[in-house]
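**Q** For reference, this is target_36.tsv, and it has TSV, C-alpha atoms.
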```tsv
chain	number	residue	atom	x	y	z
G	1	MET	CA	-71.49	127.02	-20.47
G	2	ALA	CA	-68.56	125.47	-18.64
G	3	VAL	CA	-67.47	123.33	-15.77
G	4	ARG	CA	-64.48	125.10	-14.21
G	5	THR	CA	-61.63	123.71	-12.15
G	6	ILE	CA	-62.11	124.16	-8.42
G	7	ARG	CA	-59.19	126.08	-6.92
G	8	VAL	CA	-57.59	124.28	-4.01
G	9	TYR	CA	-55.76	125.80	-1.06
G	10	PRO	CA	-52.92	127.05	-0.98
G	11	ASP	CA	-54.06	128.80	-4.16
G	12	PRO	CA	-53.73	132.46	-3.00
G	13	ILE	CA	-56.97	133.49	-4.72
G	14	LEU	CA	-58.93	131.71	-1.97
G	15	LYS	CA	-57.60	134.15	0.62
G	16	GLN	CA	-58.51	137.31	-1.28
G	17	ILE	CA	-61.54	139.54	-0.86
G	18	SER	CA	-63.91	139.56	-3.82
G	19	GLU	CA	-65.13	142.74	-5.52
G	20	PRO	CA	-68.81	143.71	-5.50
G	21	VAL	CA	-70.60	143.36	-8.83
G	22	ASP	CA	-71.61	146.76	-10.31
G	23	GLU	CA	-73.81	145.51	-13.05
G	24	ILE	CA	-75.22	142.15	-14.05
G	25	ASN	CA	-73.87	141.89	-17.56
G	26	GLU	CA	-73.15	138.99	-19.86
G	27	SER	CA	-69.89	138.19	-18.14
G	28	ILE	CA	-71.52	137.97	-14.68
G	29	VAL	CA	-74.31	135.77	-16.07
G	30	GLY	CA	-71.52	133.61	-17.51
G	31	VAL	CA	-69.91	133.34	-14.06
G	32	ILE	CA	-73.28	132.37	-12.52
G	33	GLN	CA	-73.79	129.66	-15.13
G	34	ASP	CA	-70.24	128.34	-14.69
G	35	LEU	CA	-70.81	128.16	-10.93
G	36	VAL	CA	-74.02	126.20	-11.43
G	37	ASP	CA	-72.38	123.87	-13.97
G	38	THR	CA	-69.39	123.35	-11.70
G	39	MET	CA	-71.62	122.68	-8.67
G	40	ILE	CA	-73.66	120.08	-10.56
G	41	ASP	CA	-70.56	118.47	-12.04
G	42	ALA	CA	-69.07	118.03	-8.56
G	43	GLY	CA	-71.60	115.29	-7.73
G	44	HIS	CA	-74.15	118.03	-7.13
G	45	SER	CA	-72.30	119.69	-4.28
G	46	VAL	CA	-74.46	122.19	-2.41
G	47	GLY	CA	-72.69	125.40	-3.33
G	48	VAL	CA	-69.78	127.11	-5.04
G	49	ALA	CA	-68.42	130.62	-4.64
G	50	ALA	CA	-66.83	132.57	-7.51
G	51	PRO	CA	-63.30	132.66	-5.95
G	52	GLN	CA	-63.36	128.84	-5.99
G	53	ILE	CA	-63.36	128.98	-9.78
G	54	GLY	CA	-60.82	131.80	-9.82
G	55	VAL	CA	-63.18	134.78	-10.16
G	56	LEU	CA	-62.88	137.50	-7.50
G	57	LYS	CA	-66.48	138.72	-7.78
G	58	ARG	CA	-69.17	138.57	-5.09
G	59	VAL	CA	-71.21	135.77	-6.65
G	60	VAL	CA	-72.20	132.40	-5.14
G	61	VAL	CA	-74.63	129.65	-5.98
G	62	VAL	CA	-76.27	127.41	-3.37
G	63	ASP	CA	-78.67	124.52	-3.81
G	64	VAL	CA	-79.29	122.14	-0.92
G	65	SER	CA	-82.50	120.71	-2.40
G	66	LYS	CA	-80.72	117.59	-3.69
G	67	SER	CA	-79.07	116.75	-0.36
G	68	LYS	CA	-80.51	114.63	2.41
G	69	LEU	CA	-80.07	117.33	5.05
G	70	GLY	CA	-81.60	120.13	3.01
G	71	ARG	CA	-84.27	118.33	1.03
G	72	ASP	CA	-87.19	119.43	3.19
G	73	ASN	CA	-86.16	123.00	3.89
G	74	ASN	CA	-84.75	125.01	1.01
G	75	HIS	CA	-85.26	127.68	-1.63
G	76	GLY	CA	-84.08	125.49	-4.50
G	77	LEU	CA	-81.31	126.91	-6.63
G	78	LEU	CA	-80.11	130.26	-5.30
G	79	GLU	CA	-77.97	132.39	-7.60
G	80	MET	CA	-76.72	135.22	-5.43
G	81	VAL	CA	-74.96	138.36	-6.55
G	82	ASN	CA	-73.61	140.74	-3.87
G	83	PRO	CA	-75.16	138.62	-1.10
G	84	LYS	CA	-75.24	140.10	2.37
G	85	ILE	CA	-76.46	138.58	5.62
G	86	ILE	CA	-78.62	141.17	7.34
G	87	GLU	CA	-79.81	139.14	10.31
G	88	MET	CA	-78.66	136.00	12.08
G	89	SER	CA	-79.77	134.06	15.12
G	90	GLY	CA	-79.36	130.73	16.83
G	91	SER	CA	-76.40	128.46	16.42
G	92	LYS	CA	-75.79	125.15	14.79
G	93	MET	CA	-72.68	123.01	14.62
G	94	MET	CA	-71.87	120.97	11.58
G	95	ARG	CA	-68.70	119.24	10.52
G	96	GLU	CA	-67.84	121.08	7.35
G	97	GLY	CA	-65.79	119.98	4.43
G	98	CYS	CA	-64.89	122.10	1.43
G	99	MET	CA	-63.93	121.24	-2.14
G	100	SER	CA	-61.12	123.80	-1.84
G	101	VAL	CA	-59.65	122.09	1.24
G	102	PRO	CA	-59.70	118.42	0.23
G	103	ASP	CA	-59.58	115.55	2.70
G	104	TYR	CA	-60.31	117.48	5.86
G	105	THR	CA	-63.38	118.38	7.84
G	106	GLY	CA	-63.81	120.53	10.90
G	107	ASN	CA	-66.56	121.38	13.37
G	108	VAL	CA	-67.89	124.86	12.72
G	109	THR	CA	-70.62	126.67	14.62
G	110	ARG	CA	-72.74	129.03	12.54
G	111	ALA	CA	-76.04	130.84	12.84
G	112	GLU	CA	-79.04	128.54	12.48
G	113	HIS	CA	-81.34	131.19	10.99
G	114	ILE	CA	-80.28	133.95	8.65
G	115	VAL	CA	-81.90	136.62	6.57
G	116	VAL	CA	-79.90	137.29	3.44
G	117	GLU	CA	-80.36	139.85	0.69
G	118	PHE	CA	-78.89	139.51	-2.77
G	119	THR	CA	-79.47	140.34	-6.40
G	120	ASN	CA	-80.55	137.48	-8.60
G	121	ARG	CA	-79.53	136.60	-12.15
G	122	ILE	CA	-82.08	138.97	-13.67
G	123	GLY	CA	-81.13	141.90	-11.47
G	124	GLN	CA	-83.94	141.74	-8.89
G	125	LEU	CA	-83.18	142.44	-5.26
G	126	ARG	CA	-84.34	139.50	-3.16
G	127	VAL	CA	-84.49	138.91	0.58
G	128	ILE	CA	-84.92	135.39	1.89
G	129	GLU	CA	-84.99	133.74	5.26
G	130	ALA	CA	-82.99	130.53	5.43
G	131	SER	CA	-82.49	128.06	8.25
G	132	GLY	CA	-80.74	124.81	9.06
G	133	PHE	CA	-78.45	123.30	6.46
G	134	GLU	CA	-79.32	125.88	3.82
G	135	ALA	CA	-78.35	128.69	6.22
G	136	VAL	CA	-75.05	126.96	7.00
G	137	ALA	CA	-74.31	126.42	3.30
G	138	ILE	CA	-75.00	130.10	2.49
G	139	GLN	CA	-72.73	131.27	5.32
G	140	HIS	CA	-69.97	128.90	4.18
G	141	GLU	CA	-70.13	130.17	0.58
G	142	LEU	CA	-70.31	133.82	1.62
G	143	ASP	CA	-67.14	133.36	3.68
G	144	HIS	CA	-65.30	132.54	0.44
G	145	LEU	CA	-66.09	136.07	-0.79
G	146	ASP	CA	-64.16	137.45	2.17
G	147	GLY	CA	-61.22	135.09	1.78
G	148	LEU	CA	-62.29	132.94	4.70
G	149	LEU	CA	-62.14	129.14	4.75
G	150	PHE	CA	-63.77	126.91	7.34
G	151	LEU	CA	-60.25	126.56	8.73
G	152	ASP	CA	-60.66	130.16	9.91
G	153	ARG	CA	-63.77	129.15	11.86
G	154	VAL	CA	-62.75	125.95	13.68
G	155	SER	CA	-62.00	126.44	17.34
G	156	SER	CA	-59.47	123.69	17.86
G	157	LEU	CA	-57.56	121.50	15.47
G	158	LYS	CA	-57.25	118.82	18.09
G	159	THR	CA	-60.88	117.97	18.27
G	160	ASP	CA	-62.13	119.56	15.13
G	161	LEU	CA	-60.05	118.38	12.24
G	162	TYR	CA	-60.26	114.93	10.80
G	163	ARG	CA	-59.60	113.56	7.42
G	164	ARG	CA	-62.93	113.46	5.67
G	165	LYS	CA	-64.50	110.06	5.29
G	166	SER	CA	-64.15	108.59	1.85
G	167	LYS	CA	-66.91	109.42	-0.55
F	1	MET	CA	-38.67	106.27	7.37
F	2	ASN	CA	-39.45	105.70	11.03
F	3	HIS	CA	-41.82	107.93	12.92
F	4	PHE	CA	-41.62	108.65	16.61
F	5	ALA	CA	-44.09	109.53	19.35
F	6	LEU	CA	-42.70	112.08	21.76
F	7	THR	CA	-44.50	112.98	24.96
F	8	ILE	CA	-43.41	115.78	27.25
F	9	VAL	CA	-45.04	116.70	30.53
F	10	GLY	CA	-44.07	119.33	33.04
F	11	ARG	CA	-45.27	122.09	35.31
F	12	ASP	CA	-46.90	124.70	33.10
F	13	ARG	CA	-45.00	127.92	32.44
F	14	PRO	CA	-44.42	130.13	29.40
F	15	GLY	CA	-41.70	128.92	27.03
F	16	ILE	CA	-42.13	125.14	27.04
F	17	VAL	CA	-43.34	124.88	23.43
F	18	SER	CA	-40.60	127.24	22.34
F	19	GLN	CA	-37.86	125.23	24.04
F	20	VAL	CA	-39.16	121.89	22.74
F	21	THR	CA	-39.67	123.00	19.16
F	22	GLU	CA	-36.34	124.83	19.04
F	23	ILE	CA	-34.59	121.55	19.87
F	24	LEU	CA	-36.67	119.63	17.30
F	25	PHE	CA	-36.03	122.25	14.64
F	26	ASN	CA	-32.28	122.35	15.25
F	27	GLN	CA	-32.18	118.57	15.18
F	28	GLY	CA	-33.93	118.55	11.78
F	29	CYS	CA	-37.10	116.79	12.92
F	30	ASN	CA	-40.37	117.11	11.03
F	31	LEU	CA	-43.36	117.67	13.25
F	32	ALA	CA	-46.55	116.08	11.92
F	33	ASP	CA	-49.55	115.74	14.22
F	34	SER	CA	-49.41	117.18	17.69
F	35	SER	CA	-51.68	117.93	20.58
F	36	CYS	CA	-50.64	120.03	23.56
F	37	SER	CA	-52.77	121.16	26.43
F	38	ILE	CA	-52.83	122.14	30.08
F	39	LEU	CA	-53.96	119.28	32.30
F	40	GLY	CA	-54.15	120.26	35.93
F	41	GLY	CA	-51.04	122.35	36.52
F	42	GLN	CA	-49.11	120.42	33.90
F	43	PHE	CA	-48.46	121.20	30.28
F	44	ALA	CA	-48.70	117.97	28.28
F	45	MET	CA	-47.39	117.60	24.75
F	46	ILE	CA	-47.86	114.64	22.45
F	47	LEU	CA	-46.04	114.89	19.14
F	48	ILE	CA	-45.69	112.62	16.14
F	49	LEU	CA	-42.45	113.37	14.34
F	50	ASP	CA	-39.91	111.98	11.94
F	51	HIS	CA	-36.33	112.67	10.95
F	52	PRO	CA	-34.72	112.21	7.53
F	53	GLU	CA	-31.77	110.22	8.95
F	54	ILE	CA	-32.49	109.12	12.49
F	55	THR	CA	-34.19	105.72	12.55
F	56	ASP	CA	-33.94	104.60	16.17
F	57	LEU	CA	-34.05	106.01	19.69
F	58	GLU	CA	-30.25	105.85	20.04
F	59	GLY	CA	-29.96	108.21	17.08
F	60	PHE	CA	-31.32	111.02	19.22
F	61	GLY	CA	-28.50	110.67	21.75
F	62	ASP	CA	-28.89	113.29	24.47
F	63	THR	CA	-30.93	115.64	22.29
F	64	PHE	CA	-33.68	115.95	24.91
F	65	LYS	CA	-31.44	116.28	27.97
F	66	PRO	CA	-31.93	120.07	28.16
F	67	LEU	CA	-35.66	119.42	28.57
F	68	GLU	CA	-35.10	117.01	31.44
F	69	ASP	CA	-32.76	119.57	32.97
F	70	ALA	CA	-35.68	122.01	32.77
F	71	ASP	CA	-37.84	119.64	34.86
F	72	LEU	CA	-39.81	118.21	31.96
F	73	THR	CA	-40.52	114.49	31.70
F	74	VAL	CA	-39.66	113.23	28.23
F	75	ALA	CA	-40.65	109.91	26.67
F	76	LEU	CA	-39.85	108.87	23.12
F	77	ARG	CA	-40.92	105.75	21.30
F	78	VAL	CA	-40.62	104.43	17.76
F	79	LEU	CA	-43.88	103.88	15.90
F	80	LYS	CA	-44.36	100.68	13.95
F	81	PRO	CA	-44.34	101.36	10.19
F	82	GLY	CA	-47.64	102.93	9.14
F	83	GLY	CA	-48.44	103.98	12.71
F	84	GLU	CA	-48.22	107.62	11.71
F	85	VAL	CA	-51.02	107.34	9.14
F	86	ARG	CA	-54.36	108.66	10.27
F	87	SER	CA	-57.04	106.06	9.70
F	88	HIS	CA	-60.20	107.02	7.90
F	89	ILE	CA	-62.93	107.46	10.46
F	90	GLU	CA	-66.18	106.14	9.10
F	91	GLY	CA	-69.63	106.81	10.43
F	92	ASP	CA	-71.47	109.81	11.83
F	93	LEU	CA	-69.85	111.71	14.63
F	94	CYS	CA	-71.56	112.58	17.84
F	95	MET	CA	-70.72	114.61	20.90
F	96	ILE	CA	-71.56	113.14	24.29
F	97	SER	CA	-71.58	115.40	27.34
F	98	VAL	CA	-71.58	113.75	30.75
F	99	TYR	CA	-71.57	115.75	33.97
F	100	GLY	CA	-72.56	115.51	37.58
F	101	SER	CA	-71.19	115.64	41.10
F	102	ASP	CA	-67.81	113.95	41.15
F	103	LYS	CA	-67.69	110.25	41.93
F	104	PRO	CA	-65.56	107.28	40.91
F	105	GLY	CA	-66.31	105.46	37.69
F	106	ILE	CA	-67.88	108.09	35.47
F	107	VAL	CA	-65.32	107.79	32.67
F	108	TYR	CA	-65.03	104.04	32.96
F	109	ARG	CA	-68.74	103.28	32.94
F	110	VAL	CA	-69.44	105.45	29.90
F	111	ALA	CA	-66.35	104.28	28.00
F	112	ASN	CA	-67.18	100.68	28.81
F	113	VAL	CA	-70.63	100.91	27.24
F	114	LEU	CA	-69.27	102.69	24.17
F	115	GLY	CA	-66.45	100.16	23.76
F	116	GLU	CA	-68.79	97.21	23.98
F	117	LYS	CA	-71.02	98.75	21.32
F	118	LYS	CA	-68.02	99.38	19.03
F	119	VAL	CA	-68.43	103.15	19.24
F	120	ASN	CA	-65.01	104.63	18.45
F	121	ILE	CA	-64.04	107.47	20.81
F	122	THR	CA	-62.13	110.00	18.71
F	123	ASP	CA	-61.64	112.61	21.41
F	124	LEU	CA	-62.20	112.73	25.14
F	125	ASN	CA	-61.68	115.53	27.63
F	126	THR	CA	-62.53	115.65	31.30
F	127	LYS	CA	-62.38	118.49	33.77
F	128	LEU	CA	-63.05	118.79	37.44
F	129	VAL	CA	-64.94	122.02	37.95
F	130	GLY	CA	-67.27	123.50	40.56
F	131	THR	CA	-66.20	124.40	44.07
F	132	GLU	CA	-64.00	122.45	46.47
F	133	ASP	CA	-66.92	121.25	48.59
F	134	ARG	CA	-69.17	120.62	45.58
F	135	PRO	CA	-66.91	119.29	42.84
F	136	VAL	CA	-68.54	118.72	39.47
F	137	TYR	CA	-67.09	116.35	36.94
F	138	VAL	CA	-67.48	117.16	33.26
F	139	MET	CA	-66.60	114.87	30.39
F	140	VAL	CA	-67.01	115.63	26.70
F	141	ILE	CA	-66.56	112.81	24.22
F	142	GLU	CA	-66.51	112.90	20.47
F	143	ALA	CA	-67.21	109.51	18.98
F	144	ALA	CA	-67.81	107.90	15.60
F	145	LEU	CA	-70.95	105.77	15.49
F	146	PRO	CA	-70.85	102.42	13.70
F	147	GLU	CA	-73.05	101.94	10.65
F	148	GLY	CA	-76.73	101.80	11.58
F	149	VAL	CA	-76.31	103.26	15.06
F	150	GLU	CA	-78.35	106.38	15.80
F	151	GLU	CA	-78.16	109.06	18.45
F	152	GLU	CA	-81.19	107.50	20.16
F	153	ASP	CA	-79.47	104.12	20.45
F	154	VAL	CA	-76.53	105.66	22.28
F	155	ASP	CA	-78.94	107.53	24.51
F	156	GLY	CA	-80.67	104.28	25.39
F	157	TRP	CA	-77.42	102.45	26.13
F	158	LEU	CA	-76.17	105.21	28.42
F	159	SER	CA	-79.50	105.73	30.15
F	160	PRO	CA	-78.93	103.26	33.03
F	161	ILE	CA	-75.74	105.17	33.95
F	162	ARG	CA	-77.78	108.35	34.40
F	163	ASP	CA	-79.73	106.87	37.30
F	164	GLU	CA	-76.96	104.78	38.71
F	165	LEU	CA	-74.31	107.53	38.90
F	166	GLN	CA	-76.74	110.47	39.06
F	167	VAL	CA	-75.13	112.19	36.10
F	168	ASP	CA	-76.61	114.15	33.23
F	169	ILE	CA	-75.85	112.84	29.77
F	170	SER	CA	-76.68	114.47	26.48
F	171	ILE	CA	-75.90	113.32	22.99
F	172	ARG	CA	-76.00	115.22	19.74
F	173	THR	CA	-74.84	114.17	16.32
F	174	ILE	CA	-72.75	116.45	14.16
F	175	PRO	CA	-73.69	115.97	10.53
F	176	THR	CA	-70.72	115.95	8.16
F	177	VAL	CA	-71.40	118.14	5.16
F	178	GLU	CA	-69.44	118.89	2.04
F	179	LEU	CA	-69.92	122.47	0.96
```
Represent the supplied structure as structure tokens.
**A**
Amino acid sequence: MAVRTIRVYPDPILKQISEPVDEINESIVGVIQDLVDTMIDAGHSVGVAAPQIGVLKRVVVVDVSKSKLGRDNNHGLLEMVNPKIIEMSGSKMMREGCMSVPDYTGNVTRAEHIVVEFTNRIGQLRVIEASGFEAVAIQHELDHLDGLLFLDRVSSLKTDLYRRKSK
Amino acid sequence: MNHFALTIVGRDRPGIVSQVTEILFNQGCNLADSSCSILGGQFAMILILDHPEITDLEGFGDTFKPLEDADLTVALRVLKPGGEVRSHIEGDLCMISVYGSDKPGIVYRVANVLGEKKVNITDLNTKLVGTEDRPVYVMVIEAALPEGVEEEDVDGWLSPIRDELQVDISIRTIPTVEL
């Protein structure tokens, strides 16, 4: 389908709340495919949320299986429609960067284990348990659906924000 | 364009940031990076700023006199060209917590080992906590590890200090992830 341009802050769309998806139709499947294509095109990043490509719908894709940190603990490619975290526990700090906030990273503490329910591309309700990097990635992408960036989660700019190391 | 480093220290009270930034704003200064915090009973501000026309200290004249009149200590210095640019910090980051009953040399001994091993300290905070008769010293360091250095290496290097100074030291890396 298509690789889409990643929206970059201060694009106002990144601060808006996305609408739930009523029905998985052709257009939503198109959004899912564009998210996957865009994720893979971005040097196989580990996730993209619909608002990042300018679509205010509750759809994200996550795939940490190609990354060093997620290789041994993942569910492969997750295409999530109307995702919702129903349980979380533990905490884990990572220094997060985001394609929509270039050149900066910040320390963010998130739940280490989550249970998340979502509808997949073919309309089935799924519930999975994720932990570690995959759990962090899912939480990061879900935040985009509520107009939240990792900048909303860092506790202190002084210690938490550094220019990201060059790729 | 020259950049300046401005430091301001004074007894903490509400209104310091307001007074300082009002002066900077009226003067036409641009505030870039800054870090301000309470240390002891003092409020300490470190600011990197520039001004479209002012290029030297004299150019500020008595701009900051109202701050001195309000019992704040003000120091201003000109940065060498490029000194305002944040350098890229390479390598994995780790947090090092060091704490124990207060005694001389905790900061120095730890920093000395890290410096010798080319570990770049990117942030360091210390606090004296506990009670008056049992003071506890706490230090939290964030540091960038050189290529090839692992958490375990740092742990090994700092280990002798644990016994010698009777302090607890823990190290954890913070993976940097692009999401």
**Q** Report as a ChimeraX atom specification the set of chain F residues whose atoms approach chain G to within 10 Å, with distances computed over only C-alpha atoms.
**A** /F:33-37,86-93,122-125,141-142,172-179
**Q** Using only C-alpha atoms, which residue out of G:Ile53, G:Ala111, G:Ile122, G:Val101 lies closest to G:Val29?
**A**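 Of G:Ile53, G:Ala111, G:Ile122, G:Val101, the one nearest G:Val29, counting only C-alpha atoms, is G:Ile122.
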**Q** List as a PyMOL selection string the protein and nucleic acid residues near F:Glu132, meaning an atom at most 12 Å away when all atoms listed in the file are counted, but skip any in the same chain fewer than 5 places from it.
**A** chain F and resi 101-102+137
**Q** Near G:Ser89, within 8 Å and counting only C-alpha atoms, which residues show up once chain neighbours fewer than 6 positions away are dropped, as a VMD selection string?
**A** chain G and resid 111 to 114
**Q** Those same residues - C-alpha atoms - I'd like them written as a JSON list (two decimals), in the frame of the given file.
**A**
```json
[["chain", "number", "residue", "atom", "x", "y", "z"],
["G", 111, "ALA", "CA", -76.04, 130.84, 12.84],
["G", 112, "GLU", "CA", -79.04, 128.54, 12.48],
["G", 113, "HIS", "CA", -81.34, 131.19, 10.99],
["G", 114, "ILE", "CA", -80.28, 133.95, 8.65]]
```
**Q** Select, from G:Leu35, G:Leu14, G:Leu148, G:Ile6, the residue with the minimum atom-to-atom distance to G:Met80, counting only C-alpha atoms.
**A**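 Checking each of G:Leu35, G:Leu14, G:Leu148, G:Ile6 against G:Met80, counting only C-alpha atoms, the winner is G:Leu35.
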**Q** Quick one: distance from atom CA of F:Leu145 to atom CA of F:Val98 in Å, one decimal?
**A**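 Computing it gives 17.2 Å between the two atoms.
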**Q** How far is it from atom CA of F:Leu165 to atom CA of F:Arg109, in Å with one decimal?
**A**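 Straight-line distance from atom CA of F:Leu165 to atom CA of F:Arg109 works out to 9.2 Å.
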**Q** Neighbours of F:Gly10 within 8 Å (only C-alpha atoms; same-chain residues fewer than 2 positions away dropped), as a PyMOL selection string?
**A** chain F and resi 8+12+42-44+71-73
**Q** Mind listing as a list in words all residues within 10 Å of (-64.9, 122.3, -17.4), counting all atoms listed in the file?
**A** Met1, Ala2, Val3, Arg4, Thr5, Ile6, Asp34, Asp37, Thr38 and Asp41 of chain G
**Q** Work out how far apart atom CA of G:Arg7 and atom CA of G:Asn82 are and give it in Å to one decimal.
**A**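 If I compute the distance from atom CA of G:Arg7 to atom CA of G:Asn82, I get 20.8 Å.
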**Q** Quick one: 8 Å padding each side, axis-aligned, all listed atoms of stretch 123-142 of chain G - centre and edge lengths in Å to one decimal, as AutoDock Vina command-line options?
**A**
```
--center_x -77.5 --center_y 132.9 --center_z -1.2 --size_x 31.0 --size_y 35.1 --size_z 36.5
```
**Q** Neighbouring residues of G:Ile32 were defined as those with any atom within 9 Å, considering all atoms listed in the file; residues of the same chain fewer than 6 positions away were excluded. Please report them as a short mmCIF file (atom, residue, chain, number, x, y, z; two decimals) with C-alpha atoms, keeping the file's coordinate frame.
**A**
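Saved to out-v5.cif:
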```cif
data_model
loop_
_atom_site.label_atom_id
_atom_site.label_comp_id
_atom_site.auth_asym_id
_atom_site.auth_seq_id
_atom_site.Cartn_x
_atom_site.Cartn_y
_atom_site.Cartn_z
CA ALA G 50 -66.83 132.57 -7.51
CA VAL G 59 -71.21 135.77 -6.65
CA VAL G 60 -72.20 132.40 -5.14
CA VAL G 61 -74.63 129.65 -5.98
CA GLU G 79 -77.97 132.39 -7.60
CA MET G 80 -76.72 135.22 -5.43
CA VAL G 81 -74.96 138.36 -6.55
CA ARG G 121 -79.53 136.60 -12.15
#
```
**Q** List as a ChimeraX atom specification the protein and nucleic acid residues near F:Pro135, meaning an atom at most 12 Å away when only C-alpha atoms are counted, but skip any in the same chain fewer than 6 places from it.
**A** /F:99-103,127-129
**Q** With all atoms listed in the file as the atoms that count, which of G:His44, G:His75, G:Lys15, G:Arg58 lies nearest to G:Ala130?
**A**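 With all atoms listed in the file as the atom set, the closest residue is G:His75.
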**Q** Kindly provide the residues of stretch 51-163 of chain F that approach stretch 16-24 of chain F to within 12 Å, each paired with its closest atom pair and their distance in Å to one decimal, based on all atoms listed in the file, listed by chain and increasing number, as JSON lines.
**A**
```
{"residue": "F:His51", "atom": "CA", "partner": "F:Leu24", "partner_atom": "CA", "distance": 9.4}
{"residue": "F:Phe60", "atom": "CA", "partner": "F:Leu24", "partner_atom": "CA", "distance": 10.3}
{"residue": "F:Asp62", "atom": "CA", "partner": "F:Ile23", "partner_atom": "CA", "distance": 11.0}
{"residue": "F:Thr63", "atom": "CA", "partner": "F:Ile23", "partner_atom": "CA", "distance": 7.4}
{"residue": "F:Phe64", "atom": "CA", "partner": "F:Ile23", "partner_atom": "CA", "distance": 7.6}
{"residue": "F:Lys65", "atom": "CA", "partner": "F:Ile23", "partner_atom": "CA", "distance": 10.2}
{"residue": "F:Pro66", "atom": "CA", "partner": "F:Ile23", "partner_atom": "CA", "distance": 8.8}
{"residue": "F:Leu67", "atom": "CA", "partner": "F:Val20", "partner_atom": "CA", "distance": 7.2}
{"residue": "F:Glu68", "atom": "CA", "partner": "F:Val20", "partner_atom": "CA", "distance": 10.8}
{"residue": "F:Asp69", "atom": "CA", "partner": "F:Gln19", "partner_atom": "CA", "distance": 11.7}
{"residue": "F:Ala70", "atom": "CA", "partner": "F:Ile16", "partner_atom": "CA", "distance": 9.2}
{"residue": "F:Asp71", "atom": "CA", "partner": "F:Ile16", "partner_atom": "CA", "distance": 10.5}
{"residue": "F:Leu72", "atom": "CA", "partner": "F:Ile16", "partner_atom": "CA", "distance": 8.8}
{"residue": "F:Thr73", "atom": "CA", "partner": "F:Val20", "partner_atom": "CA", "distance": 11.7}
{"residue": "F:Val74", "atom": "CA", "partner": "F:Val20", "partner_atom": "CA", "distance": 10.3}
```
**Q** Could you write those residues out with C-alpha atoms, as a compact mmCIF listing (two decimals), in the coordinates of the input?
**A**
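File written: part_32.txt
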```
# COMPACT_ATOMS: atom_id res chain seq x y z
CA HIS F 51 -36.33 112.67 10.95
CA PHE F 60 -31.32 111.02 19.22
CA ASP F 62 -28.89 113.29 24.47
CA THR F 63 -30.93 115.64 22.29
CA PHE F 64 -33.68 115.95 24.91
CA LYS F 65 -31.44 116.28 27.97
CA PRO F 66 -31.93 120.07 28.16
CA LEU F 67 -35.66 119.42 28.57
CA GLU F 68 -35.10 117.01 31.44
CA ASP F 69 -32.76 119.57 32.97
CA ALA F 70 -35.68 122.01 32.77
CA ASP F 71 -37.84 119.64 34.86
CA LEU F 72 -39.81 118.21 31.96
CA THR F 73 -40.52 114.49 31.70
CA VAL F 74 -39.66 113.23 28.23
```
**Q** Will you model N, CA, C and O atoms for stretch 113-121 of chain F and pass it back as an mmCIF file, in the coordinates of the input?
**A**
```
data_model
loop_
_atom_site.group_PDB
_atom_site.id
_atom_site.type_symbol
_atom_site.label_atom_id
_atom_site.label_comp_id
_atom_site.auth_asym_id
_atom_site.auth_seq_id
_atom_site.Cartn_x
_atom_site.Cartn_y
_atom_site.Cartn_z
ATOM 1 N N VAL F 113 -69.452 101.117 28.078
ATOM 2 C CA VAL F 113 -70.630 100.910 27.240
ATOM 3 C C VAL F 113 -70.288 101.202 25.774
ATOM 4 O O VAL F 113 -70.603 100.422 24.873
ATOM 5 N N LEU F 114 -69.600 102.312 25.545
ATOM 6 C CA LEU F 114 -69.270 102.690 24.170
ATOM 7 C C LEU F 114 -68.359 101.647 23.521
ATOM 8 O O LEU F 114 -68.549 101.266 22.368
ATOM 9 N N GLY F 115 -67.375 101.169 24.282
ATOM 10 C CA GLY F 115 -66.450 100.160 23.760
ATOM 11 C C GLY F 115 -67.166 98.886 23.380
ATOM 12 O O GLY F 115 -66.936 98.318 22.311
ATOM 13 N N GLU F 116 -68.057 98.452 24.254
ATOM 14 C CA GLU F 116 -68.790 97.210 23.980
ATOM 15 C C GLU F 116 -69.657 97.334 22.738
ATOM 16 O O GLU F 116 -69.878 96.371 22.018
ATOM 17 N N LYS F 117 -70.150 98.541 22.488
ATOM 18 C CA LYS F 117 -71.020 98.750 21.320
ATOM 19 C C LYS F 117 -70.230 99.173 20.086
ATOM 20 O O LYS F 117 -70.803 99.638 19.103
ATOM 21 N N LYS F 118 -68.903 99.069 20.172
ATOM 22 C CA LYS F 118 -68.020 99.380 19.030
ATOM 23 C C LYS F 118 -68.114 100.835 18.588
ATOM 24 O O LYS F 118 -67.946 101.169 17.413
ATOM 25 N N VAL F 119 -68.456 101.713 19.531
ATOM 26 C CA VAL F 119 -68.430 103.150 19.240
ATOM 27 C C VAL F 119 -66.990 103.614 19.434
ATOM 28 O O VAL F 119 -66.401 103.396 20.497
ATOM 29 N N ASN F 120 -66.421 104.236 18.416
ATOM 30 C CA ASN F 120 -65.010 104.630 18.450
ATOM 31 C C ASN F 120 -64.874 106.041 19.042
ATOM 32 O O ASN F 120 -65.323 107.019 18.454
ATOM 33 N N ILE F 121 -64.271 106.147 20.212
ATOM 34 C CA ILE F 121 -64.040 107.470 20.810
ATOM 35 C C ILE F 121 -62.891 108.138 20.067
ATOM 36 O O ILE F 121 -61.789 107.599 19.991
#
```
